[in-house]
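Asks: Have a look at this one.
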Number of protein chains: 2
Amino acid sequence: MRAANRKQALIPEGAYVIDPVGTAPGVVVPGKPAVVVLPGPPRELQPMWRTAVASEPVREAIAGHTEYRQEMVRMFGLPESGLADTLRDAEEGIEGYGELEITTCLRRGEIEMVTRFEPRAAPVYAELLELLRDRHARDIFSEDGSSIDDQVVQLLASRRIATAESCTAGLLAARLTDRPGSSAYVAGGVVAYANEAKVELLGVDPVLIERHGAVSEPVADAMAEGALRRFEADTAVAITGIAGPDGGSEEKPVGTVCWSVQLADGRGLTRTVRLPGDRADIRDRSTTVAMHLLRRVLSEPAALTPVAAASGDRATADPASARSHPR
Amino acid sequence: MRAANRKQALIPEGAYVIDPVGTAPGVVVPGKPAVVVLPGPPRELQPMWRTAVASEPVREAIAGHTEYRQEMVRMFGLPESGLADTLRDAEEGIEGYGELEITTCLRRGEIEMVTRFEPRAAPVYAELLELLRDRHARDIFSEDGSSIDDQVVQLLASRRIATAESCTAGLLAARLTDRPGSSAYVAGGVVAYANEAKVELLGVDPVLIERHGAVSEPVADAMAEGALRRFEADTAVAITGIAGPDGGSEEKPVGTVCWSVQLADGRGLTRTVRLPGDRADIRDRSTTVAMHLLRRVLSEPAALTPVAAASGDRATADPASARSHPR
């Protein structure tokens with residue numbers, strides 16, 4: 001046995017050992033406070049945490065505790081400061097607001113707002129939720145914990161989707177096929193990294209690239225249309241952008257990304273947004289925007305005629321509601 | 001200010017505050033022992049750790065400490081138990097072995113062995129490294145900390161690569177384009193998730209799919225050849241496999257993956273391996289195997305003629321040296 005293993009086998013006197021899920025064990029040390037020590041990797045931590053909570057010293061430590069309720073609202077297209085403003089108003093306007101423990105987290109371009117409260121504060125949470133809906137109806141996409149991926153999977157049932165990706169280079173296709181059974185609705189995609197690939201594999205007219213640049217709405221539309229055709233799909237998403245750190249210009253700085261979502265029946269929408277962050281952030285965020293645009297097209301197709309879309313337009317800082325490309 | 005923020009602003013009396021990199025602050029509490037408290041996200045933790053180490057209480061706590069050296073060896077294709085056997089022999093055979101603090105970690109299908117030692121133990125480490133080279137020369141791909149991605153990027157300079165992916169659905173293309181400047185050597189790829197896409201976009205003969213199944217070496221070869229042709233590339237990698245949880249059979253259980261790496265000059269290699277783990281593991285691991293096969297083809301092309309490959313064959317449990325497909 002090596003020193004590194006021997007070290008892992010040392011435990012404090014009187015401690016309970018939590019059997020390892022991976023290779024590292026955990027311990028619960030009884031006392032006031034009781035101390036729980038667990039390995040960090042989530043897939044080891046989470047099951048071992050459940051075991052730890054069930055152990056005698058922890059059950060004793062939390063005896064008589066309050067059961068909290070926890071609710072989650074997910075938003076997209078709203079800056080964190082916009083939510084902060086609303087929460088400040090809620091603090092002033094909603095009686096009992098202090099009984100809500102609210103955590104907000106910006107994750108992959110979405111805001112997750114988690115609220116924990118004792119059962120008696122449920123009406124206070126209901127009032128907060130009303131205020132959120134009043135102010136941010138368009139940005140709230142989930143009140144039940146479901147993720148955008150959950151929702152897009154639902155919307156794709158009985159559909160056939162294809163992707164055409166440049167800067168994300170397969171990340172969107174990989175994300176769409178993350179779930180078991182995705183072969184039921186994913187046909188495939190083209191990673192058209194080089195311009196020649198956009199022309200040869202997606203049938204993009206080279207004149208469009210020359211005239212508007214590879215990162216442009218006309219090219220994004222042509223990529224999506226090419227994907228529809230080549231894969232005989234009924235739904236297509238194209239992404240072309242500048243992930244950086246090089247390749248930006250004054251007109252199209254790093255982070256400029258164009259999306260096109262097209263359905264076989266001719267409806268669709270096209271967006272251009274400048275995303276913040278580094279290369280990895282921009283690539284990852286681009287797939288999140290694509291998922292939200294997909295959700296919008298698939299869940300409210302009637303709102304996508306040019307007139308309706310124009311009336312719903314807002315600032316371009318909001319990726320999901322930036323200007324609509326008339327078709 | 002909300003309760004959640006107020007809580008974040010509380011610090012123990014006499015503690016040093018480490019300014020946040022994200023939104024969460026850190027503290028250093030002087031004393032014996034000195035206590036350092038930092039947020040968990042690596043991109044916040046790492047810079048704040050450096051600040052914490054430079055603080056008065058930590059410098060005091062570690063005054064007179066020894067400077068350790070740290071070396072890393074990366075291996076692929078060797079089971080962890082094989083390395084453990086060698087380390088047991090090292091413990092018996094190498095004098096001073098106890099002065100090395102060795103940590104081994106299985107990460108994305110590779111073994112990382114990190115060794116820390118005081119400068120005077122450098123000859124002991126040198127002896128250990130000799131033993132590792134004797135036993136596992138084929139499996140060691142890095143002794144200088146470089147990753148397989150670093151090495152493949154080097155090998156792809158002045159080349160033009162295309163991918164053809166089924167079960168990984170874009171993950172390999174995304175990995176190859178992870179680095180800035182990758183447009184210099186990545187042409188693009190096809191995510192051929194549906195069989196029709198393999199036929200239509202990569203020119204795979206449907207008879208091959210019917211005869212051998214979509215997850216087979218002949219289909220992997222045809223996908224790679226299609227990618228070479230369609231993207232006018234000189235290097236192509238194809239991956240087709242069963243990521244699960246459904247779709248496995250007795251003959252081809254979940255985790256069965258075929259790879260084909262082909263160069264425009266006709267050289268190449270084809271492999272079939274059964275990978276362990278869940279859907280996400282299998283998809284991720286498949287890209288790692290692809291990177292190692294690419295490295296092998298690009299760095300030792302002379303060894304890839306059928307005769308040489310046959311003499312180097314080992315058990316199929318070793319992904320990088322499973323049976324060679326004669327071409």
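Quick note on naming: the chains in the structure tokens go A, B, ... in the order shown, residues restart at 1 in each chain, and ligands are numbered from 1 in order of appearance.
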Quick one: residues within 9 Å of Val73 of chain A, only C-alpha atoms counted, chain neighbours fewer than 6 positions away excluded, as JSON, numbers by chain?

Replies: {"A": [111, 112, 113, 114, 115, 129, 140, 141, 142, 143, 144, 145]}

Asks: Within 6 Å of chain A, which residues belong to chain B? Use only C-alpha atoms and report them as a VMD selection string.

Replies: chain B and resid 169 to 171 173 to 174 187 to 194

Asks: Just write the chosen residues, C-alpha atoms, as a JSON list (two decimals), in the first residue's frame.

Replies:
[["chain", "number", "residue", "atom", "x", "y", "z"],
["B", 169, "ALA", "CA", -22.23, 14.19, -33.06],
["B", 170, "GLY", "CA", -19.82, 17.11, -33.29],
["B", 171, "LEU", "CA", -17.84, 16.71, -30.07],
["B", 173, "ALA", "CA", -15.01, 18.79, -34.36],
["B", 174, "ALA", "CA", -15.71, 21.05, -31.38],
["B", 187, "ALA", "CA", -11.86, 22.36, -42.78],
["B", 188, "GLY", "CA", -15.05, 21.11, -41.14],
["B", 189, "GLY", "CA", -17.03, 17.98, -40.55],
["B", 190, "VAL", "CA", -20.27, 16.13, -41.00],
["B", 191, "VAL", "CA", -22.43, 15.00, -38.12],
["B", 192, "ALA", "CA", -23.95, 11.96, -39.79],
["B", 193, "TYR", "CA", -26.37, 10.95, -37.09],
["B", 194, "ALA", "CA", -28.99, 9.35, -39.30]]

Asks: For a quick check of understanding, using only C-alpha atoms, which of B:Gln151, B:Gln46, B:Thr51, B:Thr235 has the smallest distance to Met291 of chain B?

Replies: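 Using only C-alpha atoms, Met291 of chain B sits closest to B:Gln151.
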
Asks: Using only C-alpha atoms, which residues sit within 12 Å of segment 61-65 of chain B once same-chain residues fewer than 4 positions away are excluded, as a PyMOL selection string?

Replies: chain B and resi 28-36+52-57+118

Asks: Return the single residue from A:Asp234, A:Pro20, A:Arg43, A:Leu83 that is closest to Gly266 of chain A, with distances computed using only C-alpha atoms.

Replies: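 Smallest separation from Gly266 of chain A among the options: A:Asp234.
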